[in-house]
Amino acid sequence: MHTVDHLESLCARAWPALAEVSLGDWSMRAAAGFTGRANSTLTCGDPGMPVPDALAVTEGFAREHGIKPTAHVVIGSTHEQAIREAGWIVDLDHPGGAESLVMTGQLEKFAEGEADSRDLPGWWELTAGSEVSDAHRHVLGSGEKVCFASLTEDDEVVAAVRGAVVEDVLHVARLAVRPSHRRKGLARQLMGELAGWGMAQGATTCVLQVAEHNEPAIRLYSELGCTEHHRYRYWVPAVS
């Protein structure tokens, strides 16, 4: 069983930002605004200074990189109360949702086949949109073991997901199915093939970070045997 801090560190390694600077055990991250995870400070561990001072440093980092000062805080963690007392609040306006579940599961329970890991143009269009930036390329494409899994129909990518293996964990993200092809079991099929790919790379467990309001995704992952490990929220200064 992975500890919360270790699992969060694996997720961060699987989702590399354009700029990453350590602050003690904390990690300040920036990626031109692409995803909250890559544009926030992961507050696990000891920052090496009082929390208010550490938050001031993170604000300076954010300003330097042109992003909103944001802290990625595990619910119930050691620092959560100190961050609140420093005048930060939960970012209820965060585009992806303020709170997310971190779910884990055993790959052997749903692995079936092995995903094709080719980098297809249609994969990027479906998972990242029509305009793919350097930040998209870096966050999604970096890593020693990365899979651009997809399903195609008539040479069109109709379902896609990104997987990255770090240590023995498969990090799953950006699962997408075209609206015209939903409710056909493609997401489940794709997850099975990605799990097979992950096991071939030495992974035994998967981890997913999913917004609490994304009920269809949570339901799918639960049906695959994944369970909630912990939750985190995004915090921002009350006065910016």
# chains A, B, ... in the order shown; residues from 1 in each chain; ligands from 1
call {"tool": "residues_around", "arguments": {"residues": "range 213-222 of chain A", "least_positions_apart": "4", "cutoff": "12 Å", "atoms": "only C-alpha atoms", "output": "short mmCIF file (atom, residue, chain, number, x, y, z; two decimals) with all heavy atoms, in the first residue's frame"}}
result
data_model
loop_
_atom_site.label_atom_id
_atom_site.label_comp_id
_atom_site.auth_asym_id
_atom_site.auth_seq_id
_atom_site.Cartn_x
_atom_site.Cartn_y
_atom_site.Cartn_z
N PRO A 95 -11.51 25.77 -12.70
CA PRO A 95 -12.20 25.24 -13.89
C PRO A 95 -12.48 23.74 -13.84
O PRO A 95 -13.53 23.28 -14.31
CB PRO A 95 -11.24 25.58 -15.04
CG PRO A 95 -10.46 26.75 -14.53
CD PRO A 95 -10.31 26.53 -13.07
N GLY A 96 -11.56 22.97 -13.30
CA GLY A 96 -11.74 21.52 -13.25
C GLY A 96 -12.42 21.03 -11.99
O GLY A 96 -12.60 19.83 -11.80
N GLY A 97 -12.80 21.96 -11.11
CA GLY A 97 -13.37 21.58 -9.83
C GLY A 97 -12.35 21.70 -8.72
O GLY A 97 -11.17 21.38 -8.92
N ALA A 98 -12.78 22.15 -7.57
CA ALA A 98 -11.85 22.38 -6.46
C ALA A 98 -11.36 21.09 -5.83
O ALA A 98 -10.24 21.02 -5.33
CB ALA A 98 -12.52 23.24 -5.39
N GLU A 99 -12.18 20.05 -5.83
CA GLU A 99 -11.85 18.82 -5.11
C GLU A 99 -11.80 17.62 -6.05
O GLU A 99 -12.64 17.47 -6.94
CB GLU A 99 -12.89 18.57 -4.01
CG GLU A 99 -12.59 17.39 -3.12
CD GLU A 99 -13.51 17.31 -1.91
OE1 GLU A 99 -13.85 18.38 -1.37
OE2 GLU A 99 -13.89 16.18 -1.53
N SER A 100 -10.81 16.77 -5.83
CA SER A 100 -10.65 15.58 -6.67
C SER A 100 -10.41 14.34 -5.81
O SER A 100 -9.83 14.43 -4.72
CB SER A 100 -9.46 15.74 -7.63
OG SER A 100 -9.73 16.73 -8.60
N LEU A 101 -10.88 13.22 -6.31
CA LEU A 101 -10.59 11.92 -5.70
C LEU A 101 -9.32 11.36 -6.33
O LEU A 101 -9.09 11.52 -7.53
CB LEU A 101 -11.72 10.93 -5.96
CG LEU A 101 -13.05 11.06 -5.21
CD1 LEU A 101 -13.82 12.29 -5.67
CD2 LEU A 101 -13.88 9.79 -5.43
N VAL A 102 -8.53 10.68 -5.53
CA VAL A 102 -7.43 9.87 -6.03
C VAL A 102 -7.83 8.42 -5.82
O VAL A 102 -8.05 8.00 -4.69
CB VAL A 102 -6.11 10.19 -5.31
CG1 VAL A 102 -4.99 9.28 -5.83
CG2 VAL A 102 -5.72 11.65 -5.50
N MET A 103 -7.99 7.69 -6.91
CA MET A 103 -8.46 6.31 -6.85
C MET A 103 -7.35 5.36 -7.29
O MET A 103 -6.54 5.70 -8.16
CB MET A 103 -9.69 6.13 -7.75
CG MET A 103 -10.85 7.06 -7.42
SD MET A 103 -12.30 6.84 -8.51
CE MET A 103 -12.93 5.26 -7.89
N THR A 104 -7.33 4.20 -6.69
CA THR A 104 -6.34 3.18 -7.06
C THR A 104 -7.02 1.84 -7.29
O THR A 104 -8.12 1.59 -6.77
CB THR A 104 -5.26 3.02 -5.97
OG1 THR A 104 -5.89 2.61 -4.73
CG2 THR A 104 -4.50 4.31 -5.74
N GLY A 105 -6.37 0.99 -8.07
CA GLY A 105 -6.91 -0.34 -8.33
C GLY A 105 -5.83 -1.27 -8.84
O GLY A 105 -4.76 -0.83 -9.29
N GLN A 106 -6.10 -2.56 -8.78
CA GLN A 106 -5.18 -3.57 -9.25
C GLN A 106 -5.39 -3.82 -10.75
O GLN A 106 -6.50 -4.12 -11.17
CB GLN A 106 -5.36 -4.88 -8.46
CG GLN A 106 -5.04 -4.75 -6.98
CD GLN A 106 -3.62 -4.30 -6.75
OE1 GLN A 106 -2.67 -4.91 -7.28
NE2 GLN A 106 -3.43 -3.25 -5.98
N LEU A 107 -4.33 -3.68 -11.52
CA LEU A 107 -4.45 -3.81 -12.97
C LEU A 107 -4.92 -5.19 -13.41
O LEU A 107 -5.66 -5.32 -14.39
CB LEU A 107 -3.10 -3.49 -13.63
CG LEU A 107 -2.59 -2.06 -13.46
CD1 LEU A 107 -1.23 -1.90 -14.13
CD2 LEU A 107 -3.58 -1.05 -14.03
N LYS A 109 -7.11 -6.97 -12.36
CA LYS A 109 -8.55 -7.14 -12.27
C LYS A 109 -9.28 -6.77 -13.55
O LYS A 109 -10.40 -7.24 -13.79
CB LYS A 109 -9.11 -6.32 -11.10
CG LYS A 109 -8.72 -6.85 -9.73
CD LYS A 109 -9.41 -6.06 -8.63
CE LYS A 109 -9.08 -6.61 -7.26
NZ LYS A 109 -9.77 -5.85 -6.18
N PHE A 110 -8.68 -5.88 -14.36
CA PHE A 110 -9.41 -5.45 -15.57
C PHE A 110 -8.55 -5.41 -16.82
O PHE A 110 -9.02 -5.01 -17.88
CB PHE A 110 -10.08 -4.09 -15.34
CG PHE A 110 -9.15 -2.95 -15.06
CD1 PHE A 110 -8.69 -2.13 -16.09
CD2 PHE A 110 -8.74 -2.67 -13.77
CE1 PHE A 110 -7.85 -1.05 -15.84
CE2 PHE A 110 -7.89 -1.59 -13.50
CZ PHE A 110 -7.46 -0.79 -14.54
N VAL A 172 -3.15 7.12 -14.91
CA VAL A 172 -4.12 7.20 -16.01
C VAL A 172 -4.73 8.59 -16.06
O VAL A 172 -5.13 9.13 -15.03
CB VAL A 172 -5.24 6.15 -15.82
CG1 VAL A 172 -6.24 6.22 -16.98
CG2 VAL A 172 -4.64 4.74 -15.72
N ALA A 173 -4.78 9.18 -17.26
CA ALA A 173 -5.33 10.53 -17.38
C ALA A 173 -5.86 10.78 -18.79
O ALA A 173 -5.55 10.04 -19.73
CB ALA A 173 -4.25 11.57 -17.05
N ARG A 174 -6.67 11.83 -18.92
CA ARG A 174 -7.19 12.33 -20.21
C ARG A 174 -8.03 11.30 -20.96
O ARG A 174 -8.03 11.25 -22.19
CB ARG A 174 -6.05 12.83 -21.11
CG ARG A 174 -5.08 13.80 -20.47
CD ARG A 174 -5.74 15.02 -19.90
NE ARG A 174 -6.13 15.99 -20.93
CZ ARG A 174 -6.57 17.21 -20.64
NH1 ARG A 174 -6.72 17.60 -19.38
NH2 ARG A 174 -6.91 18.04 -21.60
N LEU A 175 -8.77 10.48 -20.24
CA LEU A 175 -9.66 9.53 -20.90
C LEU A 175 -10.77 10.29 -21.60
O LEU A 175 -11.47 11.10 -20.99
CB LEU A 175 -10.25 8.57 -19.87
CG LEU A 175 -11.25 7.53 -20.38
CD1 LEU A 175 -10.60 6.60 -21.40
CD2 LEU A 175 -11.83 6.74 -19.22
N ALA A 176 -10.94 10.05 -22.89
CA ALA A 176 -11.95 10.77 -23.68
C ALA A 176 -12.54 9.87 -24.75
O ALA A 176 -11.81 9.07 -25.37
CB ALA A 176 -11.32 12.00 -24.33
N VAL A 177 -13.83 10.00 -24.96
CA VAL A 177 -14.53 9.26 -26.02
C VAL A 177 -15.37 10.27 -26.78
O VAL A 177 -16.05 11.11 -26.17
CB VAL A 177 -15.44 8.16 -25.44
CG1 VAL A 177 -16.19 7.44 -26.57
CG2 VAL A 177 -14.64 7.16 -24.62
N ARG A 182 -20.08 7.28 -27.54
CA ARG A 182 -20.24 6.95 -26.12
C ARG A 182 -21.32 5.90 -25.92
O ARG A 182 -22.11 5.61 -26.80
CB ARG A 182 -20.57 8.23 -25.33
CG ARG A 182 -19.37 9.17 -25.26
CD ARG A 182 -19.70 10.51 -24.63
NE ARG A 182 -18.54 11.40 -24.69
CZ ARG A 182 -18.56 12.70 -24.44
NH1 ARG A 182 -19.71 13.27 -24.09
NH2 ARG A 182 -17.46 13.43 -24.53
N ARG A 183 -21.29 5.28 -24.74
CA ARG A 183 -22.21 4.21 -24.36
C ARG A 183 -22.07 2.98 -25.24
O ARG A 183 -23.04 2.27 -25.50
CB ARG A 183 -23.66 4.72 -24.36
CG ARG A 183 -23.93 5.73 -23.25
CD ARG A 183 -25.41 6.14 -23.24
NE ARG A 183 -25.74 6.90 -22.03
CZ ARG A 183 -25.46 8.18 -21.85
NH1 ARG A 183 -24.85 8.86 -22.82
NH2 ARG A 183 -25.78 8.79 -20.73
N GLY A 185 -19.12 1.04 -24.64
CA GLY A 185 -18.12 0.25 -23.94
C GLY A 185 -16.68 0.55 -24.33
O GLY A 185 -15.77 -0.18 -23.95
N LEU A 186 -16.46 1.64 -25.08
CA LEU A 186 -15.11 1.93 -25.57
C LEU A 186 -14.18 2.35 -24.43
O LEU A 186 -13.00 1.99 -24.43
CB LEU A 186 -15.15 3.02 -26.64
CG LEU A 186 -15.91 2.68 -27.92
CD1 LEU A 186 -15.76 3.80 -28.95
CD2 LEU A 186 -15.44 1.36 -28.52
N ALA A 187 -14.70 3.12 -23.48
CA ALA A 187 -13.84 3.55 -22.37
C ALA A 187 -13.37 2.35 -21.57
O ALA A 187 -12.19 2.26 -21.20
CB ALA A 187 -14.61 4.52 -21.47
N ARG A 188 -14.26 1.41 -21.32
CA ARG A 188 -13.89 0.20 -20.58
C ARG A 188 -12.87 -0.62 -21.36
O ARG A 188 -11.90 -1.13 -20.81
CB ARG A 188 -15.15 -0.63 -20.30
CG ARG A 188 -14.90 -1.88 -19.47
CD ARG A 188 -16.19 -2.66 -19.33
NE ARG A 188 -17.19 -1.90 -18.59
CZ ARG A 188 -17.31 -1.95 -17.26
NH1 ARG A 188 -16.50 -2.72 -16.55
NH2 ARG A 188 -18.24 -1.25 -16.66
N GLN A 189 -13.11 -0.76 -22.67
CA GLN A 189 -12.17 -1.51 -23.51
C GLN A 189 -10.79 -0.86 -23.50
O GLN A 189 -9.76 -1.54 -23.36
CB GLN A 189 -12.68 -1.58 -24.95
CG GLN A 189 -11.73 -2.30 -25.90
CD GLN A 189 -12.20 -2.24 -27.36
OE1 GLN A 189 -13.38 -1.97 -27.64
NE2 GLN A 189 -11.29 -2.49 -28.29
N LEU A 190 -10.78 0.46 -23.63
CA LEU A 190 -9.51 1.18 -23.67
C LEU A 190 -8.77 1.06 -22.35
O LEU A 190 -7.55 0.89 -22.32
CB LEU A 190 -9.78 2.65 -24.00
CG LEU A 190 -8.58 3.51 -24.40
CD1 LEU A 190 -7.85 2.92 -25.60
CD2 LEU A 190 -9.04 4.92 -24.72
N MET A 191 -9.49 1.14 -21.24
CA MET A 191 -8.87 0.99 -19.93
C MET A 191 -8.27 -0.41 -19.78
O MET A 191 -7.19 -0.59 -19.20
CB MET A 191 -9.88 1.26 -18.83
CG MET A 191 -10.23 2.73 -18.65
SD MET A 191 -8.84 3.70 -17.99
CE MET A 191 -8.67 2.97 -16.36
N GLY A 192 -8.96 -1.41 -20.29
CA GLY A 192 -8.44 -2.77 -20.23
C GLY A 192 -7.15 -2.93 -21.01
O GLY A 192 -6.19 -3.56 -20.54
N CYS A 206 -2.93 0.89 -10.63
CA CYS A 206 -3.20 2.13 -11.35
C CYS A 206 -3.61 3.22 -10.37
O CYS A 206 -4.10 2.93 -9.26
CB CYS A 206 -4.30 1.94 -12.40
SG CYS A 206 -5.95 1.66 -11.72
N VAL A 207 -3.41 4.46 -10.77
CA VAL A 207 -3.88 5.59 -9.98
C VAL A 207 -4.55 6.58 -10.92
O VAL A 207 -4.09 6.80 -12.04
CB VAL A 207 -2.72 6.26 -9.20
CG1 VAL A 207 -1.65 6.80 -10.14
CG2 VAL A 207 -3.24 7.39 -8.31
N LEU A 208 -5.67 7.15 -10.47
CA LEU A 208 -6.43 8.10 -11.28
C LEU A 208 -6.80 9.28 -10.40
O LEU A 208 -7.19 9.11 -9.24
CB LEU A 208 -7.71 7.46 -11.81
CG LEU A 208 -7.58 6.09 -12.46
CD1 LEU A 208 -8.16 5.03 -11.54
CD2 LEU A 208 -8.25 6.04 -13.81
N GLN A 209 -6.69 10.48 -10.94
CA GLN A 209 -7.12 11.69 -10.24
C GLN A 209 -8.34 12.22 -10.98
O GLN A 209 -8.25 12.62 -12.14
CB GLN A 209 -5.98 12.71 -10.24
CG GLN A 209 -4.75 12.24 -9.46
CD GLN A 209 -3.48 12.97 -9.86
OE1 GLN A 209 -2.99 12.81 -10.97
NE2 GLN A 209 -2.93 13.76 -8.96
N CYS A 226 -11.54 -0.02 -8.87
CA CYS A 226 -10.77 1.04 -8.24
C CYS A 226 -11.55 1.61 -7.06
O CYS A 226 -12.77 1.72 -7.09
CB CYS A 226 -10.47 2.16 -9.24
SG CYS A 226 -9.48 1.63 -10.66
N THR A 227 -10.83 2.00 -6.01
CA THR A 227 -11.44 2.57 -4.82
C THR A 227 -10.74 3.87 -4.45
O THR A 227 -9.60 4.12 -4.86
CB THR A 227 -11.36 1.60 -3.64
OG1 THR A 227 -9.97 1.27 -3.39
CG2 THR A 227 -12.12 0.32 -3.92
N GLU A 228 -11.43 4.68 -3.68
CA GLU A 228 -10.86 5.96 -3.27
C GLU A 228 -9.71 5.75 -2.29
O GLU A 228 -9.86 5.05 -1.28
CB GLU A 228 -11.95 6.82 -2.64
CG GLU A 228 -11.47 8.21 -2.23
CD GLU A 228 -12.58 9.08 -1.68
OE1 GLU A 228 -13.75 8.92 -2.12
OE2 GLU A 228 -12.28 9.92 -0.81
#
call {"tool": "select_by_dssp", "arguments": {"residues": "range 7-239 of chain A", "states": "alpha helix (DSSP H)", "output": "number ranges by chain"}}
result
A: 7-14, 51-64, 80-85, 121-128, 134-141, 186-200, 215-223
call {"tool": "write_last_selection", "arguments": {"atoms": "C-alpha atoms", "output": "PDB file, in the first residue's frame"}}
result
ATOM      1  CA  LEU A   7       1.365   8.268  -4.207  1.00  0.00           C
ATOM      2  CA  GLU A   8       1.087  12.023  -4.707  1.00  0.00           C
ATOM      3  CA  SER A   9       4.796  12.168  -5.588  1.00  0.00           C
ATOM      4  CA  LEU A  10       4.336   9.388  -8.159  1.00  0.00           C
ATOM      5  CA  CYS A  11       1.400  11.243  -9.711  1.00  0.00           C
ATOM      6  CA  ALA A  12       3.523  14.392  -9.925  1.00  0.00           C
ATOM      7  CA  ARG A  13       6.374  12.497 -11.599  1.00  0.00           C
ATOM      8  CA  ALA A  14       3.915  11.056 -14.117  1.00  0.00           C
ATOM      9  CA  VAL A  51       3.910  27.384   6.181  1.00  0.00           C
ATOM     10  CA  PRO A  52       3.055  31.103   5.786  1.00  0.00           C
ATOM     11  CA  ASP A  53       6.595  31.774   4.568  1.00  0.00           C
ATOM     12  CA  ALA A  54       6.423  28.816   2.200  1.00  0.00           C
ATOM     13  CA  LEU A  55       3.150  30.064   0.765  1.00  0.00           C
ATOM     14  CA  ALA A  56       4.709  33.483   0.165  1.00  0.00           C
ATOM     15  CA  VAL A  57       7.477  31.782  -1.818  1.00  0.00           C
ATOM     16  CA  THR A  58       4.907  29.878  -3.872  1.00  0.00           C
ATOM     17  CA  GLU A  59       3.094  33.122  -4.663  1.00  0.00           C
ATOM     18  CA  GLY A  60       6.339  34.586  -5.962  1.00  0.00           C
ATOM     19  CA  PHE A  61       6.935  31.513  -8.102  1.00  0.00           C
ATOM     20  CA  ALA A  62       3.423  31.781  -9.544  1.00  0.00           C
ATOM     21  CA  ARG A  63       3.855  35.462 -10.393  1.00  0.00           C
ATOM     22  CA  GLU A  64       7.193  34.716 -12.044  1.00  0.00           C
ATOM     23  CA  GLU A  80      -4.302  21.968   5.640  1.00  0.00           C
ATOM     24  CA  GLN A  81      -5.210  23.926   8.793  1.00  0.00           C
ATOM     25  CA  ALA A  82      -2.016  26.018   8.610  1.00  0.00           C
ATOM     26  CA  ILE A  83      -2.813  26.932   5.009  1.00  0.00           C
ATOM     27  CA  ARG A  84      -6.306  28.018   6.055  1.00  0.00           C
ATOM     28  CA  GLU A  85      -4.912  30.067   8.935  1.00  0.00           C
ATOM     29  CA  PRO A 121      -2.454  12.992 -34.493  1.00  0.00           C
ATOM     30  CA  GLY A 122      -6.071  12.226 -33.644  1.00  0.00           C
ATOM     31  CA  TRP A 123      -5.047  11.316 -30.106  1.00  0.00           C
ATOM     32  CA  TRP A 124      -3.872  14.866 -29.444  1.00  0.00           C
ATOM     33  CA  GLU A 125      -6.959  16.443 -30.983  1.00  0.00           C
ATOM     34  CA  LEU A 126      -9.279  14.353 -28.796  1.00  0.00           C
ATOM     35  CA  THR A 127      -7.398  14.699 -25.505  1.00  0.00           C
ATOM     36  CA  ALA A 128      -5.886  18.179 -25.796  1.00  0.00           C
ATOM     37  CA  ASP A 134       4.376  23.250 -25.918  1.00  0.00           C
ATOM     38  CA  ALA A 135       2.873  22.789 -22.448  1.00  0.00           C
ATOM     39  CA  HIS A 136       0.541  20.073 -23.751  1.00  0.00           C
ATOM     40  CA  ARG A 137       3.429  18.322 -25.473  1.00  0.00           C
ATOM     41  CA  HIS A 138       5.617  18.463 -22.388  1.00  0.00           C
ATOM     42  CA  VAL A 139       3.078  17.440 -19.754  1.00  0.00           C
ATOM     43  CA  LEU A 140       1.487  14.675 -21.801  1.00  0.00           C
ATOM     44  CA  GLY A 141       4.522  13.519 -23.758  1.00  0.00           C
ATOM     45  CA  LEU A 186     -15.113   1.926 -25.566  1.00  0.00           C
ATOM     46  CA  ALA A 187     -13.845   3.550 -22.371  1.00  0.00           C
ATOM     47  CA  ARG A 188     -13.895   0.201 -20.580  1.00  0.00           C
ATOM     48  CA  GLN A 189     -12.170  -1.508 -23.514  1.00  0.00           C
ATOM     49  CA  LEU A 190      -9.513   1.179 -23.673  1.00  0.00           C
ATOM     50  CA  MET A 191      -8.867   0.985 -19.930  1.00  0.00           C
ATOM     51  CA  GLY A 192      -8.441  -2.774 -20.229  1.00  0.00           C
ATOM     52  CA  GLU A 193      -5.903  -2.401 -23.009  1.00  0.00           C
ATOM     53  CA  LEU A 194      -4.042   0.356 -21.156  1.00  0.00           C
ATOM     54  CA  ALA A 195      -3.890  -1.852 -18.067  1.00  0.00           C
ATOM     55  CA  GLY A 196      -2.379  -4.620 -20.195  1.00  0.00           C
ATOM     56  CA  TRP A 197       0.238  -2.198 -21.490  1.00  0.00           C
ATOM     57  CA  GLY A 198       0.977  -1.028 -17.949  1.00  0.00           C
ATOM     58  CA  MET A 199       1.498  -4.571 -16.694  1.00  0.00           C
ATOM     59  CA  ALA A 200       3.910  -5.193 -19.568  1.00  0.00           C
ATOM     60  CA  GLU A 215     -19.692  10.900 -11.714  1.00  0.00           C
ATOM     61  CA  PRO A 216     -19.564   8.871 -14.971  1.00  0.00           C
ATOM     62  CA  ALA A 217     -15.774   8.495 -14.694  1.00  0.00           C
ATOM     63  CA  ILE A 218     -15.937   7.609 -10.999  1.00  0.00           C
ATOM     64  CA  ARG A 219     -18.602   5.016 -11.756  1.00  0.00           C
ATOM     65  CA  LEU A 220     -16.485   3.472 -14.538  1.00  0.00           C
ATOM     66  CA  TYR A 221     -13.360   3.291 -12.385  1.00  0.00           C
ATOM     67  CA  SER A 222     -15.353   1.814  -9.508  1.00  0.00           C
ATOM     68  CA  GLU A 223     -16.735  -0.879 -11.811  1.00  0.00           C
TER      69      GLU A 223
END
call {"tool": "select_by_dssp", "arguments": {"residues": "range 30-140 of chain A", "states": "strand (DSSP E or B)", "output": "list in words"}}
result
Ala30, Thr41, Leu42, Ala71, His72, Val73, Val74, Trp88, Ile89, Val90, Glu99, Ser100, Leu101, Val102, Met103, Thr104, Gly105 and Gln106 of chain A
call {"tool": "atom_distance", "arguments": {"atom1": "CA of Val21 in chain A", "atom2": "CA of Gly45 in chain A"}}
result
14.5 Å
call {"tool": "closest_residue", "arguments": {"among": "A:Ser142, A:Ser117, A:Ser130, A:Ser40", "to": "Ala160 in chain A", "atoms": "only C-alpha atoms"}}
result
A:Ser117
call {"tool": "atom_distance", "arguments": {"atom1": "CA of Ala19 in chain A", "atom2": "CA of Ala31 in chain A"}}
result
6.5 Å
call {"tool": "atom_distance", "arguments": {"atom1": "CA of Ile67 in chain A", "atom2": "CA of Asp119 in chain A"}}
result
28.9 Å
call {"tool": "closest_residue", "arguments": {"among": "A:Asp91, A:Asp25, A:Glu156, A:Asp168", "to": "Val236 in chain A", "atoms": "only C-alpha atoms"}}
result
A:Asp91
call {"tool": "closest_residue", "arguments": {"among": "A:Ala111, A:Thr70, A:Thr3, A:Ser22", "to": "Gly36 in chain A", "atoms": "only C-alpha atoms"}}
result
A:Thr70
call {"tool": "residues_around", "arguments": {"residues": "Ala238 in chain A", "least_positions_apart": "3", "cutoff": "6 Å", "atoms": "only C-alpha atoms", "output": "PyMOL selection string"}}
result
chain A and resi 87-89
call {"tool": "write_last_selection", "arguments": {"atoms": "all heavy atoms", "output": "PDB file, in the first residue's frame"}}
result
ATOM      1  N   GLY A  87      -4.649  32.431   5.547  1.00  0.00           N
ATOM      2  CA  GLY A  87      -5.509  33.287   4.744  1.00  0.00           C
ATOM      3  C   GLY A  87      -5.817  32.759   3.361  1.00  0.00           C
ATOM      4  O   GLY A  87      -6.270  33.518   2.492  1.00  0.00           O
ATOM      5  N   TRP A  88      -5.583  31.454   3.149  1.00  0.00           N
ATOM      6  CA  TRP A  88      -5.923  30.853   1.866  1.00  0.00           C
ATOM      7  C   TRP A  88      -7.284  30.190   1.973  1.00  0.00           C
ATOM      8  O   TRP A  88      -7.716  29.782   3.057  1.00  0.00           O
ATOM      9  CB  TRP A  88      -4.857  29.844   1.442  1.00  0.00           C
ATOM     10  CG  TRP A  88      -3.568  30.472   0.980  1.00  0.00           C
ATOM     11  CD1 TRP A  88      -2.865  31.454   1.611  1.00  0.00           C
ATOM     12  CD2 TRP A  88      -2.832  30.144  -0.202  1.00  0.00           C
ATOM     13  NE1 TRP A  88      -1.736  31.775   0.899  1.00  0.00           N
ATOM     14  CE2 TRP A  88      -1.680  30.988  -0.215  1.00  0.00           C
ATOM     15  CE3 TRP A  88      -3.012  29.249  -1.240  1.00  0.00           C
ATOM     16  CZ2 TRP A  88      -0.734  30.937  -1.237  1.00  0.00           C
ATOM     17  CZ3 TRP A  88      -2.066  29.186  -2.261  1.00  0.00           C
ATOM     18  CH2 TRP A  88      -0.944  30.033  -2.253  1.00  0.00           C
ATOM     19  N   ILE A  89      -7.970  30.065   0.827  1.00  0.00           N
ATOM     20  CA  ILE A  89      -9.306  29.479   0.786  1.00  0.00           C
ATOM     21  C   ILE A  89      -9.381  28.450  -0.345  1.00  0.00           C
ATOM     22  O   ILE A  89      -8.575  28.464  -1.278  1.00  0.00           O
ATOM     23  CB  ILE A  89     -10.379  30.556   0.560  1.00  0.00           C
ATOM     24  CG1 ILE A  89     -10.121  31.317  -0.753  1.00  0.00           C
ATOM     25  CG2 ILE A  89     -10.445  31.507   1.752  1.00  0.00           C
ATOM     26  CD1 ILE A  89     -11.198  32.336  -1.109  1.00  0.00           C
TER      27      ILE A  89
END
call {"tool": "closest_residue", "arguments": {"among": "A:Arg37, A:Ser77, A:Gly24, A:Glu153", "to": "Met49 in chain A", "atoms": "only C-alpha atoms"}}
result
A:Gly24
